[in-house]
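Printed here is protein.pdb (PDB, C-alpha atoms):
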```pdb
ATOM      1  CA  MET A 159       0.415 -12.149  -6.812
ATOM      2  CA  LEU A 160       1.440 -15.281  -4.927
ATOM      3  CA  ARG A 161      -2.042 -15.402  -3.425
ATOM      4  CA  ARG A 162      -3.805 -15.323  -6.782
ATOM      5  CA  ALA A 163      -5.746 -18.556  -7.164
ATOM      6  CA  ASP A 164      -4.219 -19.637 -10.475
ATOM      7  CA  PHE A 165      -0.807 -18.027 -10.108
ATOM      8  CA  TRP A 166       1.279 -21.202 -10.105
ATOM      9  CA  LYS A 167      -0.782 -22.797 -12.840
ATOM     10  CA  GLU A 168      -0.281 -19.723 -15.008
ATOM     11  CA  GLU A 169       3.275 -18.764 -14.078
ATOM     12  CA  SER A 170       5.183 -21.970 -13.370
ATOM     13  CA  GLU A 171       7.345 -21.277 -16.443
ATOM     14  CA  ALA A 172       7.631 -17.512 -15.963
ATOM     15  CA  PRO A 173      11.098 -16.066 -16.722
ATOM     16  CA  LEU A 174      11.007 -14.242 -13.380
ATOM     17  CA  LEU A 175      10.773 -17.578 -11.566
ATOM     18  CA  ARG A 176      13.720 -19.163 -13.370
ATOM     19  CA  LEU A 177      15.792 -19.080 -10.174
ATOM     20  CA  ASN A 178      12.992 -20.068  -7.806
ATOM     21  CA  ARG A 179      14.601 -23.511  -7.450
ATOM     22  CA  SER A 180      11.576 -24.859  -5.521
ATOM     23  CA  PHE A 181      11.825 -22.170  -2.835
ATOM     24  CA  LEU A 182       8.303 -20.881  -3.518
ATOM     25  CA  PRO A 183       5.566 -21.405  -2.578
ATOM     26  CA  SER A 184       6.887 -20.956   0.942
ATOM     27  CA  ASP A 185       4.625 -20.641   3.982
ATOM     28  CA  GLU A 186       7.247 -18.415   5.595
ATOM     29  CA  ILE A 187       7.110 -15.964   2.690
ATOM     30  CA  LEU A 188       3.322 -16.096   2.368
ATOM     31  CA  GLN A 189       2.966 -15.229   6.049
ATOM     32  CA  LYS A 190       5.048 -12.090   5.489
ATOM     33  CA  ILE A 191       2.679 -10.719   2.857
ATOM     34  CA  GLU A 192       1.177  -7.658   4.511
ATOM     35  CA  ASP A 193      -1.498  -6.886   1.934
ATOM     36  CA  ASN A 194      -4.615  -8.910   2.661
ATOM     37  CA  ALA A 195      -6.004  -8.172  -0.781
ATOM     38  CA  GLU A 196      -4.565  -6.737  -3.963
ATOM     39  CA  ASP A 197      -5.848  -3.368  -5.066
ATOM     40  CA  ASP A 198      -7.276  -3.036  -8.557
ATOM     41  CA  PHE A 199      -4.566  -0.691  -9.751
ATOM     42  CA  VAL A 200      -4.960   0.605 -13.299
ATOM     43  CA  THR A 201      -3.568   3.552 -15.232
ATOM     44  CA  ASN A 202      -4.774   5.553 -18.182
ATOM     45  CA  PHE A 203      -1.327   5.657 -19.753
ATOM     46  CA  ASP A 204      -0.584   3.921 -23.022
ATOM     47  CA  HIS A 205       1.996   1.218 -22.407
ATOM     48  CA  VAL A 206       5.056   1.945 -24.530
ATOM     49  CA  ARG A 207       6.603  -0.869 -26.524
ATOM     50  CA  ILE A 208       9.591  -1.441 -24.220
ATOM     51  CA  ILE A 209       7.291  -1.853 -21.213
ATOM     52  CA  ARG A 210       5.142  -4.358 -23.094
ATOM     53  CA  LEU A 211       8.255  -6.309 -24.056
ATOM     54  CA  ASP A 212       9.636  -6.227 -20.520
ATOM     55  CA  ALA A 213       6.327  -7.529 -19.155
ATOM     56  CA  GLU A 214       6.518 -10.406 -21.638
ATOM     57  CA  ARG A 215      10.065 -11.117 -20.461
ATOM     58  CA  THR A 216       8.855 -11.287 -16.855
ATOM     59  CA  PHE A 217       5.519 -13.134 -16.725
ATOM     60  CA  VAL A 218       3.644 -15.624 -18.913
ATOM     61  CA  ASN A 219      -0.029 -14.861 -18.294
ATOM     62  CA  ILE A 220      -1.703 -11.681 -19.527
ATOM     63  CA  LYS A 221      -3.155 -10.959 -16.070
ATOM     64  CA  GLN A 222       0.254 -10.702 -14.394
ATOM     65  CA  ARG A 223       1.739  -8.913 -17.406
ATOM     66  CA  THR A 224      -1.033  -6.317 -17.322
ATOM     67  CA  THR A 225      -0.513  -5.628 -13.622
ATOM     68  CA  LEU A 226       3.210  -5.132 -14.201
ATOM     69  CA  MET A 227       2.599  -2.863 -17.208
ATOM     70  CA  HIS A 228       0.256  -0.640 -15.184
ATOM     71  CA  VAL A 229       2.875  -0.296 -12.446
ATOM     72  CA  LEU A 230       5.749   0.390 -14.858
ATOM     73  CA  SER A 231       3.764   2.901 -16.915
ATOM     74  CA  PHE A 232       2.802   4.773 -13.754
ATOM     75  CA  LEU A 233       6.436   4.855 -12.612
ATOM     76  CA  GLN A 234       7.698   5.912 -16.030
ATOM     77  CA  ASN A 235       5.304   8.842 -15.996
ATOM     78  CA  GLU A 236       6.220   9.829 -12.433
ATOM     79  CA  PHE A 237       9.992   9.386 -12.842
ATOM     80  CA  ASN A 238       9.969  10.863 -16.355
ATOM     81  CA  SER A 239      12.349   8.064 -17.298
ATOM     82  CA  TYR A 240      12.468   4.307 -17.688
ATOM     83  CA  HIS A 241      15.117   1.625 -17.329
ATOM     84  CA  GLN A 242      14.731  -2.079 -18.035
ATOM     85  CA  ALA A 243      15.938  -2.909 -14.532
ATOM     86  CA  MET A 244      12.708  -1.439 -13.163
ATOM     87  CA  SER A 245      10.757  -4.364 -14.619
ATOM     88  CA  TYR A 246      12.955  -6.855 -12.774
ATOM     89  CA  VAL A 247      12.629  -5.162  -9.394
ATOM     90  CA  ALA A 248       8.927  -4.303  -9.739
ATOM     91  CA  GLY A 249       8.119  -7.801 -11.003
ATOM     92  CA  PHE A 250       9.819  -9.392  -8.014
ATOM     93  CA  LEU A 251       8.170  -7.020  -5.538
ATOM     94  CA  LEU A 252       4.742  -7.741  -7.040
ATOM     95  CA  LEU A 253       5.046 -11.350  -5.923
ATOM     96  CA  THR A 254       4.502 -10.323  -2.304
ATOM     97  CA  ASN A 255       3.117  -6.774  -2.483
ATOM     98  CA  SER A 256       0.105  -5.014  -3.924
ATOM     99  CA  PRO A 257       0.718  -2.749  -6.946
ATOM    100  CA  THR A 258       0.225   0.352  -4.792
ATOM    101  CA  LYS A 259       2.787  -0.909  -2.282
ATOM    102  CA  VAL A 260       5.240  -1.715  -5.074
ATOM    103  CA  ILE A 261       4.939   1.818  -6.439
ATOM    104  CA  GLU A 262       5.611   3.197  -2.972
ATOM    105  CA  LYS A 263       8.720   1.031  -2.546
ATOM    106  CA  MET A 264      10.020   1.779  -6.045
ATOM    107  CA  ARG A 265       9.518   5.493  -5.425
ATOM    108  CA  GLN A 266      11.517   5.336  -2.194
ATOM    109  CA  LEU A 267      14.344   3.461  -3.894
ATOM    110  CA  HIS A 268      14.393   5.851  -6.848
ATOM    111  CA  GLN A 269      14.327   9.021  -4.756
ATOM    112  CA  ASN A 270      16.481   8.065  -1.779
ATOM    113  CA  VAL A 271      18.711   5.083  -2.528
ATOM    114  CA  LEU A 272      19.242   4.279  -6.210
ATOM    115  CA  ILE A 273      19.261   7.937  -7.178
ATOM    116  CA  ASP A 274      19.482   8.345 -10.978
ATOM    117  CA  TYR A 275      20.101   4.617 -11.495
ATOM    118  CA  TRP A 276      16.835   4.017 -13.347
ATOM    119  CA  THR A 277      17.248   6.584 -16.098
ATOM    120  CA  GLU A 278      17.949   6.433 -19.798
ATOM    121  CA  GLU A 279      21.392   7.874 -19.078
ATOM    122  CA  PRO A 280      22.538   5.950 -15.967
ATOM    123  CA  VAL A 281      25.687   7.958 -15.252
ATOM    124  CA  ALA A 282      25.109   7.486 -11.505
ATOM    125  CA  PHE A 283      25.205   3.720 -11.913
ATOM    126  CA  ALA A 284      28.344   3.862 -14.071
ATOM    127  CA  THR A 285      29.969   6.071 -11.438
ATOM    128  CA  ASP A 286      29.173   3.583  -8.677
ATOM    129  CA  ALA A 287      30.482   0.757 -10.842
ATOM    130  CA  TYR A 288      33.885   2.458 -10.792
ATOM    131  CA  VAL A 289      33.584   3.182  -7.077
ATOM    132  CA  PHE A 290      33.301  -0.566  -6.644
ATOM    133  CA  ASP A 291      36.325  -0.943  -8.913
ATOM    134  CA  TYR A 292      38.349   1.134  -6.430
ATOM    135  CA  LEU A 293      37.085  -0.973  -3.518
ATOM    136  CA  LEU A 294      37.905  -4.180  -5.375
ATOM    137  CA  ALA A 295      41.464  -2.956  -5.961
ATOM    138  CA  ASP A 296      41.815  -2.311  -2.220
ATOM    139  CA  TYR A 297      40.342  -5.591  -1.002
ATOM    140  CA  TYR A 298      41.244  -8.065  -3.737
ATOM    141  CA  PRO A 299      43.960  -6.616  -5.990
ATOM    142  CA  ASP A 300      44.514  -9.992  -7.659
ATOM    143  CA  ILE A 301      40.882 -10.130  -8.832
ATOM    144  CA  HIS A 302      41.010  -6.490  -9.905
ATOM    145  CA  GLN A 303      44.167  -7.071 -11.914
ATOM    146  CA  HIS A 304      42.759 -10.248 -13.474
ATOM    147  CA  LEU A 305      39.578  -8.524 -14.669
ATOM    148  CA  SER A 306      41.463  -5.453 -15.898
ATOM    149  CA  LYS A 307      43.955  -7.607 -17.785
ATOM    150  CA  HIS A 308      41.086  -9.142 -19.742
ATOM    151  CA  PHE A 309      39.363  -5.771 -20.296
ATOM    152  CA  ILE A 310      36.335  -6.654 -18.182
ATOM    153  CA  LEU A 311      35.083  -3.240 -17.127
ATOM    154  CA  PRO A 312      33.025  -2.851 -13.938
ATOM    155  CA  GLU A 313      29.943  -1.403 -15.646
ATOM    156  CA  THR A 314      29.696  -4.559 -17.754
ATOM    157  CA  TYR A 315      29.080  -6.879 -14.809
ATOM    158  CA  THR A 316      27.851  -4.812 -11.842
ATOM    159  CA  GLN A 317      24.647  -3.777 -13.613
ATOM    160  CA  LYS A 318      23.023  -7.100 -12.788
ATOM    161  CA  TRP A 319      23.926  -6.582  -9.128
ATOM    162  CA  PHE A 320      23.219  -2.869  -8.741
ATOM    163  CA  THR A 321      20.367  -1.799 -11.031
ATOM    164  CA  THR A 322      18.271  -4.992 -10.898
ATOM    165  CA  LEU A 323      19.125  -5.647  -7.227
ATOM    166  CA  CYS A 324      20.260  -9.162  -8.134
ATOM    167  CA  VAL A 325      16.906 -10.270  -9.585
ATOM    168  CA  GLY A 326      17.997 -12.796 -12.194
ATOM    169  CA  VAL A 327      21.298 -13.413 -10.399
ATOM    170  CA  LEU A 328      20.489 -14.838  -6.970
ATOM    171  CA  PRO A 329      18.280 -17.891  -6.437
ATOM    172  CA  PHE A 330      15.085 -16.956  -4.620
ATOM    173  CA  LYS A 331      16.130 -18.291  -1.227
ATOM    174  CA  ALA A 332      19.038 -15.831  -1.162
ATOM    175  CA  LEU A 333      17.191 -13.130  -3.111
ATOM    176  CA  PHE A 334      14.490 -12.718  -0.462
ATOM    177  CA  GLN A 335      17.234 -12.453   2.150
ATOM    178  CA  PHE A 336      19.098  -9.922  -0.011
ATOM    179  CA  PHE A 337      15.997  -7.729  -0.355
ATOM    180  CA  ASP A 338      15.257  -7.900   3.373
ATOM    181  CA  THR A 339      18.808  -6.810   4.203
ATOM    182  CA  PHE A 340      19.084  -4.187   1.482
ATOM    183  CA  VAL A 341      15.716  -2.570   2.186
ATOM    184  CA  THR A 342      16.372  -2.565   5.941
ATOM    185  CA  ASN A 343      19.775  -0.915   5.494
ATOM    186  CA  ALA A 344      18.468   1.510   2.897
ATOM    187  CA  SER A 345      15.547   2.543   5.102
ATOM    188  CA  SER A 346      17.809   3.337   8.047
ATOM    189  CA  THR A 347      20.689   4.974   6.161
ATOM    190  CA  SER A 348      19.196   6.116   2.813
ATOM    191  CA  THR A 349      22.298   4.747   1.105
ATOM    192  CA  ASN A 350      23.136   1.861  -1.192
ATOM    193  CA  ILE A 351      26.327   0.878   0.661
ATOM    194  CA  PHE A 352      25.069  -2.680   1.081
ATOM    195  CA  LEU A 353      25.405  -3.138  -2.684
ATOM    196  CA  PHE A 354      29.161  -2.570  -2.426
ATOM    197  CA  GLN A 355      29.399  -4.928   0.552
ATOM    198  CA  PHE A 356      27.496  -7.570  -1.374
ATOM    199  CA  ALA A 357      29.678  -7.122  -4.464
ATOM    200  CA  LEU A 358      32.854  -7.595  -2.423
ATOM    201  CA  SER A 359      31.407 -10.698  -0.792
ATOM    202  CA  LEU A 360      30.422 -12.170  -4.147
ATOM    203  CA  THR A 361      33.839 -11.628  -5.704
ATOM    204  CA  LYS A 362      35.505 -13.220  -2.685
ATOM    205  CA  HIS A 363      33.270 -16.288  -2.938
ATOM    206  CA  ILE A 364      34.063 -16.832  -6.632
ATOM    207  CA  ARG A 365      37.713 -15.788  -6.376
ATOM    208  CA  GLU A 366      39.357 -19.181  -6.867
ATOM    209  CA  GLY A 367      37.447 -20.199  -9.979
ATOM    210  CA  LEU A 368      37.506 -16.702 -11.457
ATOM    211  CA  LEU A 369      41.289 -16.431 -11.214
ATOM    212  CA  GLN A 370      41.805 -19.853 -12.767
ATOM    213  CA  THR A 371      40.062 -19.057 -16.042
ATOM    214  CA  LYS A 372      41.338 -16.876 -18.861
ATOM    215  CA  ASN A 373      38.164 -17.264 -20.898
ATOM    216  CA  VAL A 374      36.274 -13.965 -20.833
ATOM    217  CA  ALA A 375      32.886 -15.604 -21.410
ATOM    218  CA  VAL A 376      33.464 -17.947 -18.479
ATOM    219  CA  MET A 377      34.530 -15.011 -16.296
ATOM    220  CA  TYR A 378      31.177 -13.364 -16.936
ATOM    221  CA  GLN A 379      29.463 -16.641 -16.039
ATOM    222  CA  TYR A 380      31.227 -16.596 -12.685
ATOM    223  CA  LEU A 381      30.312 -12.951 -12.109
ATOM    224  CA  ARG A 382      26.614 -13.632 -12.647
ATOM    225  CA  LEU A 383      26.662 -16.921 -10.680
ATOM    226  CA  ASP A 384      25.619 -18.783 -13.794
ATOM    227  CA  SER A 385      24.461 -22.303 -12.936
ATOM    228  CA  SER A 386      26.150 -23.534 -16.118
ATOM    229  CA  ILE A 387      29.352 -23.473 -14.052
ATOM    230  CA  PRO A 388      29.405 -27.124 -12.857
ATOM    231  CA  GLN A 389      30.482 -26.378  -9.289
ATOM    232  CA  PHE A 390      27.715 -23.769  -8.946
ATOM    233  CA  ASP A 391      24.661 -25.783  -9.911
ATOM    234  CA  ALA A 392      24.542 -28.254  -7.029
ATOM    235  CA  LYS A 393      25.340 -25.738  -4.297
ATOM    236  CA  LEU A 394      24.027 -22.488  -5.786
ATOM    237  CA  ASP A 395      21.520 -21.843  -2.985
ATOM    238  CA  GLU A 396      24.109 -22.453  -0.280
ATOM    239  CA  LEU A 397      26.679 -20.299  -2.079
ATOM    240  CA  ALA A 398      24.274 -17.407  -2.647
ATOM    241  CA  VAL A 399      23.023 -17.393   0.955
ATOM    242  CA  SER A 400      26.619 -17.321   2.165
ATOM    243  CA  ILE A 401      27.391 -14.366  -0.118
ATOM    244  CA  VAL A 402      24.497 -12.368   1.345
ATOM    245  CA  ASP A 403      25.326 -13.405   4.924
ATOM    246  CA  LYS A 404      28.991 -12.450   4.650
ATOM    247  CA  ALA A 405      28.318  -9.095   3.002
ATOM    248  CA  LYS A 406      27.772  -7.431   6.369
ATOM    249  CA  ASP A 407      31.319  -8.391   7.410
ATOM    250  CA  TYR A 408      32.732  -5.637   5.189
ATOM    251  CA  ASP A 409      33.077  -2.432   7.183
ATOM    252  CA  LEU A 410      33.183   0.391   4.640
ATOM    253  CA  SER A 411      32.666   3.201   7.147
ATOM    254  CA  SER A 412      36.196   4.528   6.616
ATOM    255  CA  TYR A 413      35.510   5.320   2.959
ATOM    256  CA  ASP A 414      34.245   8.729   1.884
ATOM    257  CA  PHE A 415      31.796   7.745  -0.839
ATOM    258  CA  VAL A 416      31.163  11.339  -1.889
ATOM    259  CA  LYS A 417      34.848  11.763  -2.719
ATOM    260  CA  LEU A 418      35.047   8.307  -4.279
ATOM    261  CA  ARG A 419      32.162   9.143  -6.601
ATOM    262  CA  GLU A 420      33.777  12.438  -7.580
ATOM    263  CA  LYS A 421      37.027  10.610  -8.275
ATOM    264  CA  ALA A 422      35.309   7.897 -10.308
ATOM    265  CA  TYR A 423      33.424  10.398 -12.436
ATOM    266  CA  ASN A 424      36.436  12.640 -13.055
ATOM    267  CA  GLU A 425      38.908   9.832 -13.738
ATOM    268  CA  LYS A 426      36.758   7.295 -15.566
ATOM    269  CA  LEU A 427      33.730   8.982 -17.097
ATOM    270  CA  ARG A 428      34.167  12.707 -17.658
ATOM    271  CA  SER A 429      36.560  12.427 -20.608
ATOM    272  CA  ARG A 430      34.413   9.755 -22.263
ATOM    273  CA  LEU A 431      31.272  11.860 -21.969
ATOM    274  CA  GLU A 432      33.037  14.994 -23.201
ATOM    275  CA  ALA A 433      34.509  13.091 -26.151
ATOM    276  CA  ALA A 434      31.075  11.703 -26.964
ATOM    277  CA  LYS A 435      29.582  15.194 -26.886
ATOM    278  CA  ARG A 436      32.315  16.550 -29.169
ATOM    279  CA  SER A 437      31.762  13.699 -31.588
ATOM    280  CA  HIS A 438      28.040  14.368 -31.636
ATOM    281  CA  ASP A 439      28.541  18.111 -32.170
ATOM    282  CA  GLU A 440      30.964  17.471 -35.035
ATOM    283  CA  ARG A 441      28.520  15.118 -36.708
ATOM    284  CA  LYS A 442      25.751  17.694 -36.365
ATOM    285  CA  VAL A 443      27.921  20.228 -38.183
ATOM    286  CA  SER A 444      28.625  17.669 -40.888
ATOM    287  CA  ILE A 445      24.923  16.967 -41.280
ATOM    288  CA  THR A 446      24.084  20.652 -41.540
ATOM    289  CA  SER A 447      26.520  21.082 -44.418
ATOM    290  CA  SER A 448      25.439  17.933 -46.260
ATOM    291  CA  SER A 449      22.915  17.825 -49.065
ATOM    292  CA  SER A 450      19.231  17.889 -48.183
ATOM    293  CA  ASP A 451      18.699  14.588 -50.015
ATOM    294  CA  HIS A 452      20.629  12.766 -47.326
ATOM    295  CA  GLU A 453      19.783  15.004 -44.395
ATOM    296  CA  SER A 454      17.022  12.963 -42.779
ATOM    297  CA  GLU A 455      18.939   9.705 -43.132
ATOM    298  CA  GLU A 456      22.109  11.108 -41.593
ATOM    299  CA  GLU A 457      20.233  12.818 -38.776
ATOM    300  CA  GLU A 458      18.809   9.469 -37.800
ATOM    301  CA  GLU A 459      22.298   7.974 -37.732
ATOM    302  CA  ALA A 460      23.748  10.856 -35.738
ATOM    303  CA  GLN A 461      21.963  10.386 -32.455
ATOM    304  CA  PRO A 462      23.914  11.616 -29.406
ATOM    305  CA  ILE A 463      26.569   9.209 -28.170
ATOM    306  CA  THR A 464      25.810   9.537 -24.467
ATOM    307  CA  MET A 465      26.583   7.423 -21.428
ATOM    308  CA  LYS A 466      23.647   5.181 -22.306
ATOM    309  CA  THR A 467      25.187   4.513 -25.716
ATOM    310  CA  LEU A 468      28.639   3.969 -24.269
ATOM    311  CA  VAL A 469      27.402   1.608 -21.593
ATOM    312  CA  ASN A 470      25.128  -0.339 -23.932
ATOM    313  CA  ARG A 471      28.039  -1.014 -26.258
ATOM    314  CA  MET A 472      29.928  -2.792 -23.496
ATOM    315  CA  GLU A 473      30.061  -6.552 -23.773
ATOM    316  CA  ASN A 474      27.325  -8.452 -21.918
ATOM    317  CA  LEU A 475      25.742  -5.285 -20.577
ATOM    318  CA  HIS A 476      22.188  -5.846 -21.868
ATOM    319  CA  ILE A 477      20.124  -7.545 -19.195
ATOM    320  CA  GLU A 478      18.740 -10.883 -20.302
TER     321      GLU A 478
END
```
File written out as structure tokens:
Amino acid sequence: MLRRADFWKEESEAPLLRLNRSFLPSDEILQKIEDNAEDDFVTNFDHVRIIRLDAERTFVNIKQRTTLMHVLSFLQNEFNSYHQAMSYVAGFLLLTNSPTKVIEKMRQLHQNVLIDYWTEEPVAFATDAYVFDYLLADYYPDIHQHLSKHFILPETYTQKWFTTLCVGVLPFKALFQFFDTFVTNASSTSTNIFLFQFALSLTKHIREGLLQTKNVAVMYQYLRLDSSIPQFDAKLDELAVSIVDKAKDYDLSSYDFVKLREKAYNEKLRSRLEAAKRSHDERKVSITSSSSDHESEEEEEAQPITMKTLVNRMENLHIE
């Protein structure tokens, strides 16, 4: 997209470019674009409402929105699922890749690295959020205790790091570096371990300010590197680049992530999911025995309380 003749005229105010901070257009980035020409990728799928809305939240011009909608609709059909984070990652990748290349990269991430992250019921993501919680307790127990004391649960702040791959969190200078490092590591290891390294690096970099505040809203601002934090705005690019650079310093090879994920699911999620299922089953029984006059209304209210519902009810979880 960056090579489209009117891209900057049309997209200078695009939500996706909010954290560009004058990094693009960059000759260095343009030279890395492998696709000499964009393919005319179209699909025959009807674009569902959420995909149309996500395209509007990403680009300004109908041309860029349409390209993104075609890509997302194709992926939704192939994955048989959709998650809002897909629009963030695909939108960013479209800046420097053809639609066909973006689909290929998204497919590789979905199948080999972010397995079951981009689903309507992201239990895999929630599990990894608690795996990070264990790592945080090991490395920085003071931060872990501080967040726990204020009931800030890991799935309420790691989503912006893990499922959207920091699109909307990191300024573009650091974001391009993050993607280069993450994709390189993921290609060689087929794991998402770099996400945990990055998360530890980020929490270390914001440690001092985070521990000094007792305001929950401000804590979330620190966790998403919000430029409204005065000390962030002037040096946000420098801070973010340092976070990405230092991530590789965390050697997590001694951890058994298979066992950590089993532990996280069994200790943190299993009982919640089972309780949600019991609640849903009980409500279904209640609906069955209720009068037919109210049946349709109550059925609508009694949708399953699944991990998606539980996660979405957490404070600040919805991606904006």
Worksheet item: Which is closest to Phe309 in chain A among A:Asn373, A:Ser245, A:Asn350, A:Gln355, if we use all atoms listed in the file?
Response: A:Asn373
Discussion item. What would the selection look like, as JSON, numbers by chain, if the PyMOL selection byres ((chain A and resi 169-176) around 8) were run on the coordinates I just shared?
Written reply: {"A": [165, 166, 167, 168, 177, 178, 179, 215, 216, 217, 218, 219, 246, 249, 250, 326]}
Residues from last step as file, C-alpha atoms, as a CSV table (one decimal), in the frame of the given file:
```
chain,number,residue,atom,x,y,z
A,165,PHE,CA,-0.8,-18.0,-10.1
A,166,TRP,CA,1.3,-21.2,-10.1
A,167,LYS,CA,-0.8,-22.8,-12.8
A,168,GLU,CA,-0.3,-19.7,-15.0
A,177,LEU,CA,15.8,-19.1,-10.2
A,178,ASN,CA,13.0,-20.1,-7.8
A,179,ARG,CA,14.6,-23.5,-7.4
A,215,ARG,CA,10.1,-11.1,-20.5
A,216,THR,CA,8.9,-11.3,-16.9
A,217,PHE,CA,5.5,-13.1,-16.7
A,218,VAL,CA,3.6,-15.6,-18.9
A,219,ASN,CA,0.0,-14.9,-18.3
A,246,TYR,CA,13.0,-6.9,-12.8
A,249,GLY,CA,8.1,-7.8,-11.0
A,250,PHE,CA,9.8,-9.4,-8.0
A,326,GLY,CA,18.0,-12.8,-12.2
```
Item to complete: Apply the PyMOL selection byres ((chain A and resi 418) around 12) to the file shown and report the selected residues as a list in words.
Response: Thr285, Asp286, Ala287, Tyr288, Val289, Phe290, Asp291, Tyr292, Leu293, Ser412, Tyr413, Asp414, Phe415, Val416, Lys417, Arg419, Glu420, Lys421, Ala422, Tyr423, Asn424, Glu425 and Lys426 of chain A
Item to complete: Convert the output of the PyMOL selection byres ((chain A and resi 383) around 9) on the shown file into explicit residues, formatted as a PyMOL selection string.
Response: chain A and resi 327-328+360+364+378-382+384-387+390+394+398
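Restricting the calculation to all atoms listed in the file, the smallest distance between Leu353 in chain A and any of A:Thr371, A:Ser306, A:Asn255, A:Thr321 is found for A:Thr321.
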Practice prompt. Excluding Lys263 in chain A and residues on its chain fewer than 4 positions from it, collect all residues at most 9 Å away from it, counting only C-alpha atoms, and give them as a VMD selection string.
Written response: chain A and resid 248 251 258 to 259 267 to 268
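The smallest atom-to-atom distance between Phe340 in chain A and any of A:Trp276, A:Tyr240, A:Phe352, A:Tyr298, using all atoms listed in the file, is found for A:Phe352.
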